[in-house]
$ cat coords.tsv   # TSV, C-alpha atoms and all ligand atoms
chain	number	residue	atom	x	y	z
A	1	MET	CA	124.90	194.06	18.18
A	2	THR	CA	125.24	197.82	18.65
A	3	LYS	CA	122.62	199.48	20.80
A	4	PRO	CA	120.16	202.03	19.38
A	5	VAL	CA	121.32	205.58	20.08
A	6	ILE	CA	119.36	208.32	21.85
A	7	LEU	CA	121.11	211.66	21.33
A	8	THR	CA	120.49	215.31	22.04
A	9	GLY	CA	122.33	218.63	22.38
A	10	LEU	CA	121.66	221.94	24.13
A	11	ARG	CA	123.50	225.05	23.00
A	12	ALA	CA	125.59	227.17	25.34
A	13	ASN	CA	124.68	230.61	24.01
A	14	ASN	CA	123.12	231.43	27.39
A	15	ASP	CA	121.87	229.74	30.58
A	16	LEU	CA	119.34	226.98	30.00
A	17	HIS	CA	115.70	227.79	30.77
A	18	ILE	CA	112.71	225.68	31.77
A	19	GLY	CA	111.71	225.27	28.09
A	20	ASN	CA	115.08	223.63	27.33
A	21	TYR	CA	114.75	221.59	30.49
A	22	PHE	CA	111.22	220.27	29.90
A	23	GLY	CA	111.54	220.06	26.10
A	24	ALA	CA	114.82	218.18	25.76
A	25	LEU	CA	116.93	217.70	28.90
A	26	LEU	CA	114.33	216.05	31.12
A	27	PRO	CA	113.18	213.49	28.48
A	28	PHE	CA	116.84	212.62	27.86
A	29	ILE	CA	117.63	212.25	31.57
A	30	ASP	CA	114.52	210.12	32.10
A	31	MET	CA	115.82	207.77	29.41
A	32	ALA	CA	119.35	207.86	30.89
A	33	LYS	CA	117.95	206.81	34.26
A	34	THR	CA	115.68	204.07	32.98
A	35	LYS	CA	117.09	202.77	29.69
A	36	ALA	CA	120.88	202.96	29.98
A	37	ASP	CA	121.13	199.15	29.76
A	38	ASP	CA	119.38	198.95	26.40
A	39	TYR	CA	120.43	202.15	24.62
A	40	GLN	CA	123.52	204.24	24.00
A	41	LEU	CA	122.79	207.76	25.30
A	42	ASP	CA	124.75	210.74	23.95
A	43	LEU	CA	124.34	214.23	25.41
A	44	PHE	CA	126.47	217.07	24.10
A	45	VAL	CA	127.03	220.81	24.04
A	46	PRO	CA	126.78	222.02	20.44
A	47	ASP	CA	129.32	224.74	21.11
A	48	LEU	CA	129.78	225.50	17.38
A	49	HIS	CA	126.05	226.23	17.19
A	50	SER	CA	126.35	228.68	20.09
A	51	PHE	CA	127.33	231.65	17.96
A	52	THR	CA	125.04	231.25	14.97
A	53	THR	CA	123.54	234.41	16.46
A	54	PRO	CA	125.78	236.99	18.21
A	55	ILE	CA	127.02	236.20	21.75
A	56	ASP	CA	129.65	237.54	24.14
A	57	HIS	CA	132.56	235.25	23.21
A	58	SER	CA	134.50	236.04	26.36
A	59	LYS	CA	131.80	234.15	28.31
A	60	LEU	CA	131.47	231.08	26.08
A	61	GLN	CA	134.02	228.85	27.87
A	62	GLN	CA	132.43	229.48	31.24
A	63	GLN	CA	128.94	228.99	29.81
A	64	ILE	CA	129.86	225.63	28.29
A	65	MET	CA	131.13	224.30	31.64
A	66	HIS	CA	128.13	225.77	33.44
A	67	ASN	CA	125.69	224.04	31.09
A	68	LEU	CA	127.51	220.74	31.44
A	69	LYS	CA	127.11	221.09	35.20
A	70	LEU	CA	123.41	221.74	34.66
A	71	PHE	CA	123.15	218.37	32.91
A	72	VAL	CA	124.52	216.70	36.02
A	73	ALA	CA	122.31	218.77	38.35
A	74	ALA	CA	119.33	217.64	36.25
A	75	GLY	CA	120.18	214.08	37.23
A	76	LEU	CA	122.48	212.80	34.47
A	77	PRO	CA	124.34	209.77	35.84
A	78	LEU	CA	128.11	210.04	35.23
A	79	ASN	CA	128.99	206.48	36.08
A	80	SER	CA	127.67	204.58	33.07
A	81	ASP	CA	129.60	203.70	29.94
A	82	ASN	CA	126.33	203.77	28.02
A	83	ILE	CA	125.97	207.49	28.71
A	84	ARG	CA	128.39	209.87	27.00
A	85	ILE	CA	128.87	213.63	27.35
A	86	TYR	CA	130.97	215.72	24.98
A	87	ARG	CA	131.56	219.08	23.35
A	88	GLN	CA	130.85	219.25	19.64
A	89	SER	CA	133.97	221.25	18.70
A	90	TYR	CA	136.23	218.68	20.36
A	91	ILE	CA	135.19	216.23	17.64
A	92	PRO	CA	136.34	217.74	14.32
A	93	ALA	CA	134.34	215.17	12.31
A	94	HIS	CA	131.19	217.27	13.00
A	95	SER	CA	132.58	220.15	10.95
A	96	GLU	CA	133.99	217.91	8.24
A	97	LEU	CA	130.78	215.97	7.71
A	98	THR	CA	128.87	219.26	7.65
A	99	TRP	CA	130.87	220.45	4.66
A	100	ILE	CA	130.21	217.25	2.76
A	101	LEU	CA	126.47	217.34	3.58
A	102	ASP	CA	126.38	221.04	2.58
A	103	CYS	CA	127.24	220.02	-0.94
A	104	PHE	CA	124.15	217.81	-1.12
A	105	THR	CA	121.79	220.34	0.51
A	106	GLY	CA	119.61	222.71	-1.46
A	107	PHE	CA	119.78	226.46	-0.90
A	108	GLY	CA	115.99	226.51	-1.19
A	109	GLU	CA	115.48	223.84	1.44
A	110	MET	CA	117.57	225.79	3.98
A	111	SER	CA	115.80	229.06	3.09
A	112	ARG	CA	112.48	227.45	4.04
A	113	MET	CA	113.55	226.56	7.59
A	114	THR	CA	111.24	228.33	10.04
A	115	GLN	CA	113.95	228.93	12.62
A	116	PHE	CA	116.15	230.59	10.00
A	117	LYS	CA	113.28	232.81	8.87
A	118	ASP	CA	112.35	233.74	12.47
A	119	LYS	CA	115.88	234.42	13.69
A	120	SER	CA	117.06	236.25	10.60
A	121	SER	CA	113.98	238.47	10.40
A	122	GLY	CA	115.02	240.29	13.60
A	123	LEU	CA	118.56	240.97	12.33
A	124	GLY	CA	119.84	243.32	9.62
A	125	ALA	CA	120.99	241.52	6.43
A	126	GLU	CA	124.67	242.01	7.30
A	127	ARG	CA	124.15	240.27	10.67
A	128	VAL	CA	122.43	237.21	9.21
A	129	THR	CA	125.32	234.78	9.02
A	130	VAL	CA	125.96	231.80	6.77
A	131	GLY	CA	126.33	229.89	10.06
A	132	LEU	CA	122.71	230.59	10.96
A	133	PHE	CA	121.64	229.50	7.48
A	134	ASN	CA	123.73	226.35	7.73
A	135	TYR	CA	122.64	225.48	11.28
A	136	PRO	CA	120.43	222.48	10.31
A	137	VAL	CA	123.22	220.85	8.29
A	138	LEU	CA	125.60	220.89	11.27
A	139	MET	CA	122.73	219.56	13.38
A	140	ALA	CA	122.18	216.73	10.88
A	141	ALA	CA	125.90	215.90	11.06
A	142	ASP	CA	125.64	215.83	14.89
A	143	ILE	CA	122.88	213.24	14.63
A	144	LEU	CA	124.11	211.12	11.72
A	145	LEU	CA	127.72	210.70	12.86
A	146	TYR	CA	126.59	208.51	15.74
A	147	GLY	CA	123.68	206.72	14.05
A	148	ALA	CA	121.08	208.23	16.38
A	149	THR	CA	117.59	206.75	16.17
A	150	TYR	CA	115.86	208.89	18.81
A	151	VAL	CA	116.49	212.61	19.30
A	152	PRO	CA	114.51	214.32	22.08
A	153	VAL	CA	114.01	217.97	21.09
A	154	GLY	CA	111.39	220.67	21.60
A	155	ASP	CA	108.79	221.38	18.95
A	156	ASP	CA	110.89	224.19	17.43
A	157	GLN	CA	113.51	221.65	16.29
A	158	THR	CA	111.30	219.07	14.62
A	159	GLN	CA	111.76	220.64	11.18
A	160	HIS	CA	115.54	220.28	11.60
A	161	LEU	CA	115.08	216.68	12.62
A	162	GLU	CA	113.02	216.07	9.49
A	163	PHE	CA	115.88	217.56	7.49
A	164	ALA	CA	118.35	215.16	9.14
A	165	ARG	CA	116.09	212.31	7.98
A	166	ASP	CA	115.87	213.76	4.46
A	167	ILE	CA	119.61	214.22	4.00
A	168	ALA	CA	120.32	210.76	5.45
A	169	GLU	CA	117.90	209.16	2.98
A	170	ARG	CA	119.26	211.25	0.10
A	171	MET	CA	122.85	210.18	0.83
A	172	ASN	CA	121.83	206.54	1.34
A	173	ASN	CA	119.96	206.53	-1.98
A	174	LYS	CA	122.94	207.97	-3.79
A	175	PHE	CA	125.81	206.14	-2.09
A	176	GLY	CA	124.36	203.03	-0.38
A	177	GLU	CA	123.67	202.54	3.34
A	178	LEU	CA	125.85	205.22	4.96
A	179	PHE	CA	123.59	206.50	7.71
A	180	VAL	CA	121.01	205.28	10.21
A	181	VAL	CA	117.87	207.29	9.42
A	182	PRO	CA	116.39	208.72	12.65
A	183	LYS	CA	112.77	207.74	13.36
A	184	PRO	CA	110.02	210.03	12.05
A	185	VAL	CA	108.85	212.70	14.48
A	186	LYS	CA	105.57	210.89	15.21
A	187	ASP	CA	107.45	207.76	16.31
A	188	GLN	CA	109.88	209.87	18.32
A	189	ASN	CA	107.00	211.45	20.24
A	190	ALA	CA	105.47	208.05	20.92
A	191	PHE	CA	108.86	206.78	22.15
A	192	PHE	CA	109.20	209.70	24.57
A	193	GLY	CA	105.60	209.21	25.72
A	194	LYS	CA	103.93	212.33	24.32
A	195	ASP	CA	101.50	213.20	21.51
A	196	GLN	CA	103.45	216.15	20.19
A	197	GLY	CA	106.63	218.17	20.65
A	198	LEU	CA	106.67	220.60	23.53
A	199	ARG	CA	106.81	224.36	23.16
A	200	ILE	CA	106.90	226.35	26.41
A	201	LYS	CA	105.88	229.94	25.71
A	202	ASP	CA	107.41	233.22	26.82
A	203	LEU	CA	105.66	234.47	29.98
A	204	VAL	CA	105.38	238.06	28.75
A	205	GLU	CA	104.51	237.26	25.12
A	206	PRO	CA	102.81	233.87	25.32
A	207	THR	CA	102.37	233.59	21.57
A	208	LYS	CA	106.20	233.34	21.23
A	209	LYS	CA	108.31	230.40	22.43
A	210	MET	CA	110.42	230.89	25.55
A	211	SER	CA	113.88	231.54	24.11
A	212	LYS	CA	117.46	231.79	25.40
A	213	SER	CA	118.18	234.43	22.78
A	214	ASP	CA	115.59	236.78	24.28
A	215	ASP	CA	117.66	239.77	25.45
A	216	THR	CA	115.27	241.05	28.13
A	217	GLY	CA	114.84	237.63	29.82
A	218	LYS	CA	111.63	238.94	31.47
A	219	GLY	CA	109.44	236.18	30.11
A	220	VAL	CA	112.09	233.46	30.48
A	221	ILE	CA	112.69	231.37	33.61
A	222	PHE	CA	116.35	230.42	33.61
A	223	LEU	CA	117.46	227.40	35.62
A	224	GLY	CA	119.83	229.75	37.46
A	225	ASP	CA	117.17	232.34	38.42
A	226	THR	CA	116.87	232.86	42.16
A	227	PRO	CA	113.51	231.63	43.53
A	228	ASP	CA	112.52	235.23	44.17
A	229	VAL	CA	113.21	236.36	40.61
A	230	ALA	CA	111.50	233.29	39.12
A	231	ALA	CA	108.39	233.76	41.31
A	232	LYS	CA	108.15	237.42	40.27
A	233	LYS	CA	108.35	236.46	36.60
A	234	VAL	CA	105.51	233.97	37.05
A	235	MET	CA	103.35	236.40	39.02
A	236	SER	CA	103.68	239.04	36.29
A	237	ALA	CA	102.99	236.60	33.43
A	238	THR	CA	100.67	237.96	30.75
A	239	THR	CA	97.20	236.40	30.88
A	240	ASP	CA	93.95	237.68	29.30
A	241	SER	CA	90.63	239.28	30.17
A	242	GLU	CA	88.42	236.18	29.82
A	243	GLY	CA	88.29	235.83	33.62
A	244	VAL	CA	87.92	232.02	33.59
A	245	VAL	CA	90.67	229.40	33.47
A	246	ARG	CA	90.42	227.26	30.33
A	247	PHE	CA	93.08	225.31	28.45
A	248	ASP	CA	92.63	227.14	25.16
A	249	THR	CA	95.97	227.73	23.45
A	250	ALA	CA	94.45	230.02	20.79
A	251	LYS	CA	92.27	232.26	22.98
A	252	GLN	CA	94.15	232.00	26.30
A	253	PRO	CA	97.78	231.22	25.42
A	254	GLY	CA	99.15	232.67	28.68
A	255	ILE	CA	96.85	230.57	30.88
A	256	ALA	CA	97.43	227.45	28.78
A	257	ASN	CA	101.19	227.97	29.16
A	258	LEU	CA	100.90	228.33	32.95
A	259	LEU	CA	98.85	225.11	33.17
A	260	GLN	CA	101.46	223.33	31.06
A	261	ILE	CA	104.35	224.61	33.22
A	262	LEU	CA	102.50	223.62	36.40
A	263	ALA	CA	101.97	220.06	35.17
A	264	LEU	CA	105.61	219.67	34.11
A	265	ALA	CA	107.10	221.26	37.22
A	266	ARG	CA	105.00	219.01	39.46
A	267	GLY	CA	105.53	215.96	37.26
A	268	GLU	CA	101.73	215.53	36.91
A	269	ASP	CA	99.56	214.78	33.89
A	270	LEU	CA	98.44	217.89	32.06
A	271	SER	CA	94.88	216.56	31.97
A	272	SER	CA	94.64	216.27	35.76
A	273	VAL	CA	96.01	219.80	36.23
A	274	ILE	CA	93.49	221.11	33.68
A	275	ASP	CA	90.64	219.24	35.41
A	276	HIS	CA	91.59	220.83	38.71
A	277	TYR	CA	91.77	224.45	37.47
A	278	ASP	CA	89.20	224.46	34.66
A	279	GLY	CA	86.44	226.98	35.31
A	280	GLN	CA	88.20	228.71	38.24
A	281	THR	CA	87.94	232.47	38.16
A	282	SER	CA	91.10	233.42	40.06
A	283	TYR	CA	94.16	233.72	37.83
A	284	GLY	CA	96.10	234.69	40.98
A	285	ALA	CA	95.60	231.25	42.55
A	286	LEU	CA	96.92	229.54	39.42
A	287	LYS	CA	99.92	231.86	39.24
A	288	THR	CA	100.73	231.27	42.91
A	289	ALA	CA	100.64	227.50	42.37
A	290	VAL	CA	102.94	227.79	39.34
A	291	ALA	CA	105.33	230.08	41.22
A	292	GLU	CA	105.53	227.59	44.11
A	293	ALA	CA	106.13	224.63	41.81
A	294	VAL	CA	108.83	226.50	39.88
A	295	VAL	CA	110.53	227.69	43.07
A	296	ASP	CA	110.65	224.08	44.34
A	297	LEU	CA	112.08	222.87	41.06
A	298	LEU	CA	114.79	225.54	40.91
A	299	GLY	CA	115.62	225.14	44.60
A	300	ASP	CA	116.32	221.42	44.13
A	301	PHE	CA	118.32	222.12	41.01
A	302	GLN	CA	120.49	224.79	42.55
A	303	ALA	CA	121.17	222.70	45.63
A	304	ARG	CA	122.44	219.90	43.37
A	305	MET	CA	124.63	222.35	41.40
A	306	GLU	CA	126.56	223.06	44.60
A	307	LEU	CA	127.43	219.38	45.04
A	308	ILE	CA	128.99	218.76	41.62
A	309	ASP	CA	132.66	217.91	41.55
A	310	GLU	CA	134.05	219.69	38.48
A	311	ASN	CA	137.07	217.37	38.34
A	312	ASP	CA	134.85	214.29	38.02
A	313	LEU	CA	132.92	216.03	35.28
A	314	LEU	CA	136.06	217.00	33.36
A	315	ALA	CA	137.50	213.50	33.63
A	316	LYS	CA	134.29	211.97	32.25
A	317	LEU	CA	134.17	214.58	29.49
A	318	GLU	CA	137.70	213.95	28.26
A	319	HIS	CA	137.29	210.18	28.46
A	320	ASP	CA	134.03	210.31	26.48
A	321	GLU	CA	135.37	212.74	23.89
A	322	ALA	CA	138.14	210.29	22.98
A	323	ILE	CA	135.54	207.56	22.44
A	324	MET	CA	133.19	209.80	20.48
A	325	ASN	CA	136.06	210.88	18.22
A	326	ALA	CA	136.72	207.25	17.34
A	327	THR	CA	133.02	206.58	16.58
A	328	ALA	CA	132.59	209.78	14.59
A	329	ASN	CA	135.77	209.21	12.56
A	330	LYS	CA	134.56	205.77	11.56
A	331	THR	CA	131.34	207.20	10.10
A	332	LEU	CA	133.23	210.07	8.50
A	333	LEU	CA	135.63	207.69	6.78
A	334	GLN	CA	132.73	205.72	5.27
A	335	VAL	CA	131.32	208.96	3.90
A	336	GLN	CA	134.72	210.15	2.64
A	337	LYS	CA	135.13	206.85	0.81
A	338	ALA	CA	131.62	207.06	-0.63
A	339	VAL	CA	132.16	210.55	-2.07
A	340	GLY	CA	135.60	209.66	-3.40
A	341	LEU	CA	137.81	211.51	-0.95
A	342	ARG	CA	139.45	208.33	0.37
A	343	ALA	CA	140.46	205.13	-1.38
A	401	LIG	P1	118.85	224.96	21.93
A	401	LIG	O1	119.93	225.06	22.91
A	401	LIG	O2	118.33	226.19	21.28
A	401	LIG	O3	117.63	224.23	22.60
A	401	LIG	C1	117.86	223.06	23.35
A	401	LIG	C2	116.60	222.22	23.37
A	401	LIG	O4	115.55	222.92	24.03
A	401	LIG	C3	114.39	222.88	23.22
A	401	LIG	N1	113.63	224.11	23.47
A	401	LIG	C4	112.37	224.13	23.91
A	401	LIG	N2	111.52	223.14	24.23
A	401	LIG	C5	110.30	223.51	24.67
A	401	LIG	N3	109.91	224.82	24.80
A	401	LIG	C6	110.75	225.83	24.49
A	401	LIG	N4	110.39	227.09	24.64
A	401	LIG	C7	112.04	225.51	24.02
A	401	LIG	N5	113.11	226.26	23.63
A	401	LIG	C8	114.07	225.38	23.29
A	401	LIG	C9	114.91	222.82	21.80
A	401	LIG	O5	113.92	222.32	20.93
A	401	LIG	C10	116.08	221.90	21.96
A	401	LIG	O6	115.66	220.56	21.92
A	401	LIG	N6	119.39	222.87	17.54
A	401	LIG	C11	119.37	222.44	18.94
A	401	LIG	C12	120.73	222.05	19.42
A	401	LIG	C13	121.31	220.92	18.65
A	401	LIG	C14	120.85	219.58	18.61
A	401	LIG	C15	121.73	218.90	17.73
A	401	LIG	C16	119.79	218.92	19.21
A	401	LIG	C17	122.41	221.00	17.85
A	401	LIG	N7	122.66	219.80	17.30
A	401	LIG	C18	121.55	217.55	17.44
A	401	LIG	C19	119.62	217.56	18.91
A	401	LIG	C20	120.49	216.89	18.04
A	401	LIG	C21	118.75	223.56	19.78
A	401	LIG	O7	117.72	224.05	19.46
A	401	LIG	O8	119.39	223.93	20.87

$ encode --input "coords.tsv" --output "structure tokens"
Amino acid sequence: MTKPVILTGLRANNDLHIGNYFGALLPFIDMAKTKADDYQLDLFVPDLHSFTTPIDHSKLQQQIMHNLKLFVAAGLPLNSDNIRIYRQSYIPAHSELTWILDCFTGFGEMSRMTQFKDKSSGLGAERVTVGLFNYPVLMAADILLYGATYVPVGDDQTQHLEFARDIAERMNNKFGELFVVPKPVKDQNAFFGKDQGLRIKDLVEPTKKMSKSDDTGKGVIFLGDTPDVAAKKVMSATTDSEGVVRFDTAKQPGIANLLQILALARGEDLSSVIDHYDGQTSYGALKTAVAEAVVDLLGDFQARMELIDENDLLAKLEHDEAIMNATANKTLLQVQKAVGLRA
């Protein structure tokens, strides 16, 4: 019997930040460390998704390799056949399945995607690309090609995950059982041991999510930030004038975000961190604790980056890409047959 698949991807449009790390990479790595015997675990760089908004293309190659190294520094074991790493564009079936799914996707349903509305609103009409519009269809292809059941993502991606479920069910209803339908978001959260998707906020504008696409980077802690830079970003995080620490995401989003980051960086329960700080009147003490926890986290990370052997990583990558091509082509062929492209 084939094993259930846990799959996720992190784009290479910039360095990864602690939101990417806590929201998607860490839950995946935890599974890779504890469940590799019972599940197939697929972790990839969606390099085709990297330029749905403008990037410096001369840096993309380097960024892809850098982010793959970050996966290893985060603790991804390279020595298991149940764990695969790959680059999306090295598996052409992703693009081919996307085109087919496009033709069963409504223009209206893509126009309603929150990420599309958010990202396109900051750009002039001529800079809003069809690629940005189409982003969730490629993401659905990424998931459905390998029959993924569980997909650890941050809260901002749950709408896209719902779309992957919708298009899988739509195709199955029309053509018979083509795709494994990923679990509903509620079941996904339960599987990854949380009540809801995670959304780490920008430190300067804590009502916005922390985002790689933020050009200033002032409110974003990148995994490659030096401890000094990261600590400064934490110490100048926007708070409020309430003067008392409370976990109130509506009234005190900056403080709530700091409490959340502290819990995650220390690997402690949010509730015990809240119990400890609730009612305290010094925001400085909380910020100092967060800065220390983040500095420790980044220090460990960066030390591990130094130890990675790029040749081992490349060998694993090429080996896994050959296997993923075979798996993806099998699914693609079923779909091509179903829609009448193959006999
Ligand atoms: P990307 O690279 O933008 O984000 C990678 C992951 O990080 C999560 N994330 C966050 N989590 C918590 N707080 C934040 N502030 C925060 N910012 C980002 C994202 O939710 C994501 O899980 N579309 C995906 C890439 C992708 C993918 C896939 C994922 C392409 N195909 C198939 C899963 C399955 C994305 O948002 O990448």

$ atom_distance --input "coords.tsv" --atom1 "CA of Asp312 (chain A)" --atom2 "CA of Asn79 (chain A)"
10.0 Å

$ residues_near_ligand --input "coords.tsv" --ligand "ligand LIG 401 (chain A)" --cutoff "8 Å" --atoms "only C-alpha atoms and all ligand atoms" --output "number ranges by chain"
A: 7-13, 16-25, 45-46, 49-50, 135-136, 138-143, 151-158, 160-161, 197-202, 209-212

$ closest_residue --input "coords.tsv" --among "A:Val339, A:Ile308, A:Leu258, A:Leu78" --to "Val204 (chain A)" --atoms "all atoms listed in the file"
A:Leu258

$ atom_distance --input "coords.tsv" --atom1 "CA of Asp275 (chain A)" --atom2 "CA of Gln252 (chain A)"
16.1 Å

$ atom_distance --input "coords.tsv" --atom1 "CA of Ser236 (chain A)" --atom2 "CA of Gln280 (chain A)"
18.7 Å

$ residues_around --input "coords.tsv" --residues "Ala289 (chain A)" --least-positions-apart "5" --cutoff "9 Å" --atoms "only C-alpha atoms" --output "list of chain:residue names"
A:Leu262, A:Gly284, A:Val294

$ closest_residue --input "coords.tsv" --among "A:Lys330, A:His66, A:His94, A:Arg84" --to "Phe28 (chain A)" --atoms "only C-alpha atoms"
A:Arg84

$ residues_around --input "coords.tsv" --residues "region 117-133 of chain A" --least-positions-apart "5" --cutoff "12 Å" --atoms "only C-alpha atoms" --output "PyMOL selection string"
chain A and resi 48-54+95+98-99+102+105-112+138-139+156+160+208-209+211+213-214

$ residues_around --input "coords.tsv" --residues "Ile91 (chain A)" --least-positions-apart "5" --cutoff "8 Å" --atoms "only C-alpha atoms" --output "number ranges by chain"
A: 321, 324-325, 328

$ closest_residue --input "coords.tsv" --among "A:Phe301, A:Tyr150, A:Tyr90, A:Phe192" --to "Pro27 (chain A)" --atoms "only C-alpha atoms"
A:Phe192
